[in-house]
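data.pdb, holding PDB, C-alpha atoms:
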ATOM      1  CA  MET O 292       0.000   0.000   0.000
ATOM      2  CA  THR O 293       1.376   3.396  -0.984
ATOM      3  CA  ILE O 294       1.115   5.847   1.890
ATOM      4  CA  LEU O 295       0.495   9.490   1.039
ATOM      5  CA  GLU O 296       1.815  11.314   4.078
ATOM      6  CA  PRO O 297      -0.597  13.878   5.509
ATOM      7  CA  LEU O 298       0.507  17.453   5.875
ATOM      8  CA  ALA O 299      -0.098  18.129   9.555
ATOM      9  CA  GLY O 300      -1.191  21.614  10.485
ATOM     10  CA  THR O 301      -3.988  23.734  11.810
ATOM     11  CA  VAL O 302      -5.627  27.040  11.014
ATOM     12  CA  PRO O 303      -7.965  29.059  13.254
ATOM     13  CA  ALA O 304     -11.621  28.067  13.143
ATOM     14  CA  GLU O 305     -13.331  31.357  12.419
ATOM     15  CA  TRP O 306     -17.055  31.270  13.216
ATOM     16  CA  GLU O 307     -19.265  34.170  12.131
ATOM     17  CA  LYS O 308     -22.729  34.599  13.672
ATOM     18  CA  PHE O 309     -25.674  36.258  11.900
ATOM     19  CA  ASP O 310     -28.522  35.026  14.116
ATOM     20  CA  ASP O 311     -28.748  34.439  17.866
ATOM     21  CA  ARG O 312     -29.864  30.849  17.190
ATOM     22  CA  PHE O 313     -26.315  30.172  16.021
ATOM     23  CA  GLY O 314     -25.005  30.909  19.515
ATOM     24  CA  GLY O 315     -24.819  27.288  20.674
ATOM     25  CA  ILE O 316     -23.087  26.034  17.539
ATOM     26  CA  ARG O 317     -19.370  25.892  18.058
ATOM     27  CA  GLY O 318     -16.536  23.396  18.214
ATOM     28  CA  ASP O 319     -12.776  23.258  18.087
ATOM     29  CA  ASN O 320     -11.040  26.627  17.906
ATOM     30  CA  HIS O 321      -8.939  25.308  15.042
ATOM     31  CA  LEU O 322      -9.437  23.504  11.761
ATOM     32  CA  GLU O 323      -7.186  20.490  11.425
ATOM     33  CA  ARG O 324      -5.805  20.003   7.934
ATOM     34  CA  LEU O 325      -5.690  16.232   7.581
ATOM     35  CA  TRP O 326      -4.159  16.164   4.100
ATOM     36  CA  THR O 327      -3.428  18.350   1.109
ATOM     37  CA  GLY O 328      -2.224  17.720  -2.428
ATOM     38  CA  GLY O 329      -5.385  17.303  -4.481
ATOM     39  CA  ARG O 330      -6.487  19.215  -7.553
ATOM     40  CA  TRP O 331     -10.234  19.384  -6.825
ATOM     41  CA  VAL O 332     -11.384  17.205  -3.935
ATOM     42  CA  GLU O 333     -15.038  16.256  -3.466
ATOM     43  CA  GLY O 334     -17.463  13.669  -2.146
ATOM     44  CA  PRO O 335     -16.393  12.885   1.450
ATOM     45  CA  VAL O 336     -18.028   9.878   3.111
ATOM     46  CA  TYR O 337     -17.229   8.459   6.546
ATOM     47  CA  SER O 338     -17.320   4.725   7.269
ATOM     48  CA  PRO O 339     -18.181   4.133  10.939
ATOM     49  CA  ALA O 340     -17.366   0.426  10.673
ATOM     50  CA  GLY O 341     -13.887   1.037   9.281
ATOM     51  CA  ARG O 342     -13.268   4.391  11.001
ATOM     52  CA  TYR O 343     -12.013   5.951   7.793
ATOM     53  CA  LEU O 344     -12.926   8.770   5.436
ATOM     54  CA  LEU O 345     -13.064   8.386   1.660
ATOM     55  CA  TRP O 346     -13.078  11.247  -0.824
ATOM     56  CA  SER O 347     -12.537  11.882  -4.533
ATOM     57  CA  ASP O 348      -9.678  13.795  -6.146
ATOM     58  CA  ILE O 349     -11.551  14.118  -9.430
ATOM     59  CA  PRO O 350      -8.975  15.456 -11.948
ATOM     60  CA  ASN O 351      -6.345  13.033 -10.571
ATOM     61  CA  ASP O 352      -8.863  10.182 -11.041
ATOM     62  CA  ARG O 353      -8.501   8.626  -7.612
ATOM     63  CA  ILE O 354     -10.393   7.918  -4.412
ATOM     64  CA  LEU O 355      -8.318   8.501  -1.282
ATOM     65  CA  ARG O 356      -8.681   7.051   2.208
ATOM     66  CA  TRP O 357      -7.824   8.667   5.550
ATOM     67  CA  ASP O 358      -7.529   6.331   8.549
ATOM     68  CA  GLU O 359      -8.922   7.828  11.747
ATOM     69  CA  THR O 360      -6.775   5.626  13.971
ATOM     70  CA  SER O 361      -3.420   6.315  12.309
ATOM     71  CA  TYR O 362      -4.044   9.591  10.410
ATOM     72  CA  GLN O 363      -2.450   7.985   7.359
ATOM     73  CA  VAL O 364      -3.729   8.635   3.844
ATOM     74  CA  SER O 365      -3.558   6.049   1.087
ATOM     75  CA  ALA O 366      -5.039   5.437  -2.359
ATOM     76  CA  PHE O 367      -8.327   3.537  -2.056
ATOM     77  CA  ARG O 368      -9.001   3.232  -5.807
ATOM     78  CA  THR O 369      -7.140   4.478  -8.861
ATOM     79  CA  PRO O 370      -8.178   4.859 -11.591
ATOM     80  CA  ALA O 371     -11.633   5.575 -10.228
ATOM     81  CA  GLY O 372     -13.729   6.708 -13.192
ATOM     82  CA  ASN O 373     -13.284  10.357 -12.164
ATOM     83  CA  THR O 374     -15.561   9.622  -9.239
ATOM     84  CA  ASN O 375     -17.274  12.534  -7.491
ATOM     85  CA  GLY O 376     -19.915  12.072  -4.755
ATOM     86  CA  HIS O 377     -20.231   9.097  -2.401
ATOM     87  CA  THR O 378     -22.574   7.805   0.266
ATOM     88  CA  LEU O 379     -23.262   4.545   2.134
ATOM     89  CA  ASP O 380     -26.395   2.428   1.793
ATOM     90  CA  GLN O 381     -28.260   0.546   4.549
ATOM     91  CA  GLU O 382     -25.665  -2.238   4.506
ATOM     92  CA  GLY O 383     -22.713   0.136   4.674
ATOM     93  CA  ARG O 384     -21.792  -0.392   1.018
ATOM     94  CA  LEU O 385     -20.187   2.460  -0.890
ATOM     95  CA  VAL O 386     -22.408   4.114  -3.505
ATOM     96  CA  SER O 387     -20.540   6.390  -5.929
ATOM     97  CA  CYS O 388     -21.139   8.814  -8.797
ATOM     98  CA  GLU O 389     -18.632   8.349 -11.617
ATOM     99  CA  HIS O 390     -18.125  11.306 -13.957
ATOM    100  CA  GLY O 391     -15.813   9.470 -16.334
ATOM    101  CA  ASN O 392     -18.007   6.390 -16.727
ATOM    102  CA  ARG O 393     -21.255   8.422 -16.587
ATOM    103  CA  ARG O 394     -22.841   6.071 -14.062
ATOM    104  CA  VAL O 395     -23.775   5.365 -10.437
ATOM    105  CA  THR O 396     -22.191   2.294  -8.872
ATOM    106  CA  ARG O 397     -22.135   0.314  -5.650
ATOM    107  CA  THR O 398     -19.046  -1.372  -4.223
ATOM    108  CA  GLU O 399     -20.059  -4.733  -2.787
ATOM    109  CA  HIS O 400     -18.581  -6.145   0.412
ATOM    110  CA  ASN O 401     -16.321  -8.394  -1.660
ATOM    111  CA  GLY O 402     -15.018  -5.420  -3.672
ATOM    112  CA  ARG O 403     -17.012  -6.135  -6.825
ATOM    113  CA  ILE O 404     -18.524  -3.042  -8.459
ATOM    114  CA  SER O 405     -22.205  -3.188  -9.428
ATOM    115  CA  VAL O 406     -23.764  -0.659 -11.801
ATOM    116  CA  LEU O 407     -26.963   0.836 -10.346
ATOM    117  CA  ALA O 408     -27.720   3.178 -13.257
ATOM    118  CA  ASP O 409     -25.893   4.366 -16.371
ATOM    119  CA  SER O 410     -28.618   5.609 -18.719
ATOM    120  CA  TYR O 411     -32.173   6.919 -18.877
ATOM    121  CA  GLU O 412     -34.496   5.730 -21.627
ATOM    122  CA  GLY O 413     -31.508   4.532 -23.622
ATOM    123  CA  HIS O 414     -29.486   7.745 -23.279
ATOM    124  CA  ARG O 415     -26.295   7.958 -21.234
ATOM    125  CA  PHE O 416     -26.250  10.215 -18.197
ATOM    126  CA  ASN O 417     -24.139  13.371 -18.297
ATOM    127  CA  SER O 418     -21.914  12.908 -15.251
ATOM    128  CA  PRO O 419     -23.655  11.818 -12.028
ATOM    129  CA  ASN O 420     -22.427  14.150  -9.311
ATOM    130  CA  ASP O 421     -23.840  13.573  -5.826
ATOM    131  CA  VAL O 422     -25.912  10.814  -4.270
ATOM    132  CA  VAL O 423     -27.966  10.010  -1.166
ATOM    133  CA  VAL O 424     -29.735   6.843  -0.031
ATOM    134  CA  LYS O 425     -33.181   6.932   1.583
ATOM    135  CA  ARG O 426     -34.115   4.521   4.358
ATOM    136  CA  ASP O 427     -36.363   2.588   1.949
ATOM    137  CA  GLY O 428     -33.240   1.662  -0.015
ATOM    138  CA  SER O 429     -33.846   4.042  -2.918
ATOM    139  CA  VAL O 430     -30.863   5.912  -4.375
ATOM    140  CA  TRP O 431     -31.289   9.568  -5.380
ATOM    141  CA  PHE O 432     -28.687  11.383  -7.468
ATOM    142  CA  THR O 433     -28.021  14.537  -9.478
ATOM    143  CA  ASP O 434     -26.730  14.599 -13.052
ATOM    144  CA  PRO O 435     -25.206  17.937 -14.127
ATOM    145  CA  SER O 436     -22.844  18.256 -17.071
ATOM    146  CA  TYR O 437     -19.573  19.163 -15.318
ATOM    147  CA  GLY O 438     -17.870  15.886 -16.142
ATOM    148  CA  ILE O 439     -18.544  16.131 -19.885
ATOM    149  CA  GLN O 440     -17.790  19.817 -20.402
ATOM    150  CA  SER O 441     -14.090  18.998 -20.874
ATOM    151  CA  ASP O 442     -11.539  16.302 -20.086
ATOM    152  CA  TYR O 443     -10.692  17.911 -16.720
ATOM    153  CA  GLU O 444     -13.226  16.079 -14.519
ATOM    154  CA  GLY O 445     -14.128  13.293 -16.929
ATOM    155  CA  TYR O 446     -14.332  13.090 -20.704
ATOM    156  CA  ALA O 447     -15.676  15.744 -23.054
ATOM    157  CA  GLY O 448     -19.032  14.658 -24.420
ATOM    158  CA  GLU O 449     -22.556  15.655 -25.327
ATOM    159  CA  ILE O 450     -25.704  15.860 -23.237
ATOM    160  CA  GLU O 451     -27.881  12.945 -24.326
ATOM    161  CA  THR O 452     -30.742  13.174 -21.810
ATOM    162  CA  GLY O 453     -32.051  16.589 -22.825
ATOM    163  CA  GLY O 454     -30.709  18.440 -19.797
ATOM    164  CA  CYS O 455     -29.374  18.210 -16.278
ATOM    165  CA  HIS O 456     -31.801  16.355 -14.043
ATOM    166  CA  VAL O 457     -32.359  14.518 -10.755
ATOM    167  CA  TYR O 458     -33.079  10.778 -10.652
ATOM    168  CA  ARG O 459     -34.186   8.025  -8.296
ATOM    169  CA  VAL O 460     -33.352   4.321  -8.388
ATOM    170  CA  SER O 461     -35.797   2.222  -6.347
ATOM    171  CA  SER O 462     -34.666  -0.683  -4.191
ATOM    172  CA  ASP O 463     -35.752  -3.053  -6.987
ATOM    173  CA  GLY O 464     -33.760  -1.146  -9.626
ATOM    174  CA  ALA O 465     -36.500   0.920 -11.294
ATOM    175  CA  LEU O 466     -35.192   4.287 -12.522
ATOM    176  CA  THR O 467     -37.302   7.455 -12.609
ATOM    177  CA  ARG O 468     -36.599  11.120 -13.266
ATOM    178  CA  VAL O 469     -37.853  13.128 -10.294
ATOM    179  CA  ALA O 470     -36.913  16.695 -11.322
ATOM    180  CA  ASP O 471     -36.145  18.261 -14.704
ATOM    181  CA  ASP O 472     -36.097  22.025 -14.048
ATOM    182  CA  PHE O 473     -32.490  22.530 -12.901
ATOM    183  CA  ASP O 474     -29.559  24.160 -14.663
ATOM    184  CA  GLY O 475     -26.861  22.533 -12.541
ATOM    185  CA  PRO O 476     -28.266  20.128  -9.915
ATOM    186  CA  ASN O 477     -25.505  19.260  -7.492
ATOM    187  CA  GLY O 478     -25.600  18.496  -3.755
ATOM    188  CA  LEU O 479     -28.654  16.902  -2.176
ATOM    189  CA  ALA O 480     -29.729  15.786   1.299
ATOM    190  CA  PHE O 481     -32.859  14.615   3.097
ATOM    191  CA  SER O 482     -34.192  16.205   6.263
ATOM    192  CA  PRO O 483     -33.888  13.956   9.346
ATOM    193  CA  ASP O 484     -37.437  12.595   8.899
ATOM    194  CA  GLU O 485     -37.002  12.372   5.093
ATOM    195  CA  SER O 486     -40.069  14.541   4.497
ATOM    196  CA  LEU O 487     -37.956  17.161   2.718
ATOM    197  CA  LEU O 488     -35.255  16.959   0.065
ATOM    198  CA  TYR O 489     -32.815  19.832  -0.361
ATOM    199  CA  ILE O 490     -31.046  20.174  -3.729
ATOM    200  CA  THR O 491     -28.515  22.808  -4.740
ATOM    201  CA  ASP O 492     -28.427  24.342  -8.204
ATOM    202  CA  THR O 493     -24.848  25.485  -8.651
ATOM    203  CA  GLU O 494     -25.516  27.346 -11.897
ATOM    204  CA  ARG O 495     -28.222  29.436 -10.231
ATOM    205  CA  ALA O 496     -26.239  29.767  -6.948
ATOM    206  CA  HIS O 497     -29.236  28.758  -4.852
ATOM    207  CA  MET O 498     -30.741  25.816  -2.971
ATOM    208  CA  ARG O 499     -34.273  24.491  -3.306
ATOM    209  CA  VAL O 500     -36.446  22.444  -0.972
ATOM    210  CA  PHE O 501     -38.954  19.786  -2.049
ATOM    211  CA  GLN O 502     -41.654  17.877  -0.206
ATOM    212  CA  VAL O 503     -41.124  14.117  -0.433
ATOM    213  CA  ASP O 504     -44.055  11.749  -0.975
ATOM    214  CA  GLY O 505     -42.763   8.223  -1.482
ATOM    215  CA  ASP O 506     -41.013   8.137  -4.840
ATOM    216  CA  ARG O 507     -42.107  11.657  -5.846
ATOM    217  CA  ILE O 508     -41.159  15.186  -4.892
ATOM    218  CA  SER O 509     -43.144  18.416  -5.184
ATOM    219  CA  GLY O 510     -42.706  22.093  -4.478
ATOM    220  CA  GLY O 511     -39.143  23.144  -5.153
ATOM    221  CA  GLU O 512     -39.208  26.638  -3.676
ATOM    222  CA  VAL O 513     -35.907  28.463  -3.314
ATOM    223  CA  PHE O 514     -34.695  27.763   0.226
ATOM    224  CA  ALA O 515     -31.558  29.919   0.221
ATOM    225  CA  GLU O 516     -29.387  32.040  -2.056
ATOM    226  CA  CYS O 517     -25.628  31.640  -1.769
ATOM    227  CA  GLY O 518     -24.079  34.963  -0.859
ATOM    228  CA  ASN O 519     -20.519  33.966  -1.733
ATOM    229  CA  GLY O 520     -19.807  31.822  -4.770
ATOM    230  CA  ALA O 521     -22.259  28.978  -5.338
ATOM    231  CA  PHE O 522     -23.587  26.050  -3.333
ATOM    232  CA  ASP O 523     -22.150  22.604  -3.988
ATOM    233  CA  GLY O 524     -22.492  19.829  -1.387
ATOM    234  CA  ILE O 525     -24.802  19.938   1.645
ATOM    235  CA  ARG O 526     -25.449  17.933   4.810
ATOM    236  CA  ILE O 527     -28.079  18.066   7.574
ATOM    237  CA  ASP O 528     -27.670  17.924  11.366
ATOM    238  CA  THR O 529     -30.048  16.340  13.876
ATOM    239  CA  ALA O 530     -31.908  19.632  14.368
ATOM    240  CA  GLY O 531     -32.633  19.863  10.648
ATOM    241  CA  ARG O 532     -30.154  22.677  10.018
ATOM    242  CA  VAL O 533     -28.577  22.689   6.563
ATOM    243  CA  TRP O 534     -24.778  22.880   6.327
ATOM    244  CA  ALA O 535     -23.790  24.067   2.857
ATOM    245  CA  SER O 536     -20.510  24.529   1.015
ATOM    246  CA  ALA O 537     -19.615  27.945  -0.383
ATOM    247  CA  ALA O 538     -16.635  29.916  -1.631
ATOM    248  CA  ASP O 539     -15.782  31.315   1.810
ATOM    249  CA  GLY O 540     -16.474  28.196   3.880
ATOM    250  CA  VAL O 541     -19.517  26.417   5.298
ATOM    251  CA  HIS O 542     -22.864  28.244   5.624
ATOM    252  CA  VAL O 543     -25.366  27.022   8.232
ATOM    253  CA  TYR O 544     -29.109  27.543   7.697
ATOM    254  CA  HIS O 545     -32.050  27.154  10.046
ATOM    255  CA  PRO O 546     -34.873  24.961   8.683
ATOM    256  CA  ASP O 547     -36.824  28.187   8.078
ATOM    257  CA  GLY O 548     -34.147  29.311   5.588
ATOM    258  CA  THR O 549     -32.399  31.874   7.788
ATOM    259  CA  LEU O 550     -28.610  32.047   7.457
ATOM    260  CA  LEU O 551     -27.491  31.449  11.046
ATOM    261  CA  GLY O 552     -23.754  31.679  10.608
ATOM    262  CA  LYS O 553     -20.623  30.585   8.804
ATOM    263  CA  LEU O 554     -17.488  28.592   9.417
ATOM    264  CA  HIS O 555     -14.756  30.243   7.362
ATOM    265  CA  VAL O 556     -12.326  27.929   5.558
ATOM    266  CA  PRO O 557      -9.121  29.064   3.804
ATOM    267  CA  GLU O 558     -10.009  27.301   0.522
ATOM    268  CA  THR O 559     -13.222  27.124  -1.513
ATOM    269  CA  VAL O 560     -15.359  24.372  -0.010
ATOM    270  CA  SER O 561     -16.783  21.725  -2.321
ATOM    271  CA  ASN O 562     -18.453  19.360   0.120
ATOM    272  CA  LEU O 563     -18.724  18.177   3.710
ATOM    273  CA  THR O 564     -19.955  15.320   5.858
ATOM    274  CA  PHE O 565     -20.389  14.429   9.515
ATOM    275  CA  GLY O 566     -18.532  11.440  10.927
ATOM    276  CA  GLY O 567     -16.690  10.062  13.908
ATOM    277  CA  ALA O 568     -18.082   7.841  16.656
ATOM    278  CA  LYS O 569     -20.735  10.427  17.618
ATOM    279  CA  ARG O 570     -21.277  11.954  14.148
ATOM    280  CA  ASN O 571     -20.020  15.233  15.617
ATOM    281  CA  ARG O 572     -16.811  15.488  13.605
ATOM    282  CA  LEU O 573     -17.207  17.678  10.545
ATOM    283  CA  PHE O 574     -15.077  16.692   7.543
ATOM    284  CA  ILE O 575     -14.665  19.299   4.789
ATOM    285  CA  THR O 576     -13.312  18.884   1.262
ATOM    286  CA  ALA O 577     -11.950  22.230   0.100
ATOM    287  CA  THR O 578     -10.205  22.565  -3.270
ATOM    288  CA  THR O 579      -6.856  20.836  -2.529
ATOM    289  CA  SER O 580      -7.261  19.763   1.106
ATOM    290  CA  ILE O 581      -9.225  17.865   3.747
ATOM    291  CA  TYR O 582     -10.134  19.773   6.919
ATOM    292  CA  SER O 583     -11.781  18.551  10.098
ATOM    293  CA  LEU O 584     -13.028  19.747  13.466
ATOM    294  CA  PHE O 585     -15.250  18.475  16.255
ATOM    295  CA  THR O 586     -18.484  20.446  16.701
ATOM    296  CA  THR O 587     -21.225  20.871  19.288
ATOM    297  CA  VAL O 588     -23.805  19.407  16.871
ATOM    298  CA  ASN O 589     -24.347  15.933  15.424
ATOM    299  CA  GLY O 590     -25.013  14.936  11.863
ATOM    300  CA  ALA O 591     -28.396  13.422  11.071
ATOM    301  CA  THR O 592     -28.577   9.644  11.201
ATOM    302  CA  GLN O 593     -28.004   7.729   7.981
ATOM    303  CA  PRO O 594     -29.740   4.629   6.521
ATOM    304  CA  TYR O 595     -27.010   2.335   7.849
ATOM    305  CA  ASP O 596     -27.791   3.569  11.397
ATOM    306  CA  HIS O 597     -31.205   1.847  11.304
TER     307      HIS O 597
END
When written as structure tokens, how does the structure in this file appear?
Amino acid sequence: MTILEPLAGTVPAEWEKFDDRFGGIRGDNHLERLWTGGRWVEGPVYSPAGRYLLWSDIPNDRILRWDETSYQVSAFRTPAGNTNGHTLDQEGRLVSCEHGNRRVTRTEHNGRISVLADSYEGHRFNSPNDVVVKRDGSVWFTDPSYGIQSDYEGYAGEIETGGCHVYRVSSDGALTRVADDFDGPNGLAFSPDESLLYITDTERAHMRVFQVDGDRISGGEVFAECGNGAFDGIRIDTAGRVWASAADGVHVYHPDGTLLGKLHVPETVSNLTFGGAKRNRLFITATTSIYSLFTTVNGATQPYDH
């Protein structure tokens, strides 16, 4: 195994409050930089069983692995199909969006890769970007065109599906399109009770919220506008607050849409996830580096927790 030595170091954790309801949200007074050396890092996912973090370094076509017990970083998979977003299903299996192969896959416990979806009505996807799994076993993912716009994050190609949409794969493998009115659908996350689905539209620099009814969604009102850069990945805490990536760090929103505060990060943030034994360790992918800090909040439970 090739070990990629982490670059140890810390930077101050700068919290900025905009609403009094942000007062109890704090954590370490420093951001720990676990590793640096990527080109554009994305898609963090924490494995509680293995106590490790996986993430994608998309232009370098690799998935990297950080071990929580040793702080060592190694290559988990390379080449990796210019993989972007990841999540875990109810059995703790890795579910991934592959820009280069224009598909969504699942890594089985024996290491075999199964294809969950690679086309819609006979047309290849653009470049699946981010993915979440609902407790009923369904897989929901976004399909913008970033991976086919050039060879940087995938392979230059044409849009075959008529646009950039959001899809759902049921537990029995049935594929449906659930939203078709996005310019650049990107990060997505369910509320703790799965009654709401938040989806960012990077091209419009805003986030929308949908009501979830089984295999359908409705509504789609604008939940928040990004005041610095554009939204990418998002995650939810146990109180239903939305933690969103932005150019200046992580923005935290109350469920009513109010911007409560920010955690400033020295690089443009692409994505984030909660992990650790108590789901109170925030992991942040930001341009070239992985940052982490322990917080006073906990990430919402995931399908594999049930």
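Using all atoms listed in the file, the shortest contact distance between Tyr489 in chain O and any of O:Arg532, O:Arg459, O:Arg356, O:His414 is found at O:Arg532.
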Take the point (-18.7, 23.3, 23.2) as written in the file and pick out every residue within 7 Å of it, counting only C-alpha atoms; give the list as a CSV table (one decimal) with C-alpha atoms, in the frame of the given file.
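Output (out30.csv):
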chain,number,residue,atom,x,y,z
O,317,ARG,CA,-19.4,25.9,18.1
O,318,GLY,CA,-16.5,23.4,18.2
O,587,THR,CA,-21.2,20.9,19.3
Give, as AutoDock Vina command-line options, the centre coordinates and the x, y and z edge lengths in Å to one decimal for an axis-aligned box around all listed atoms of range 399-403 of chain O, padded by 4 Å on each side.
--center_x -17.5 --center_y -6.6 --center_z -3.2 --size_x 13.0 --size_y 11.7 --size_z 15.2
Expansion of the PyMOL selection byres ((chain O and resi 516) around 6) into residues, as number ranges by chain: O: 497, 515, 517
Between CA of Phe574 in chain O and CA of Thr433 in chain O - distance in Å to one decimal: 21.5 Å
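With CA of Gly478 in chain O on one side and CA of Gly315 in chain O on the other, the separation reads 26.0 Å.
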Answer key for the PyMOL selection byres ((chain O and resi 331) around 9), residues as a PyMOL selection string: chain O and resi 329-330+332-333+347-351+444+561+576-580
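In this model, the gap between CA of Phe501 in chain O and CA of Asp547 in chain O comes to 13.3 Å.
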Close residues, Tyr337 in chain O itself excluded, 8 Å, all atoms listed in the file, min 6 positions apart in chain, as a list of chain:residue names: O:Tyr343, O:Leu344, O:Leu345, O:Thr564, O:Phe565, O:Gly566, O:Gly567
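Among the candidate residues O:Ile581, O:Leu379, O:Val424, O:Ala371, the one lying nearest to Pro339 in chain O is O:Leu379, with distances computed using all atoms listed in the file.
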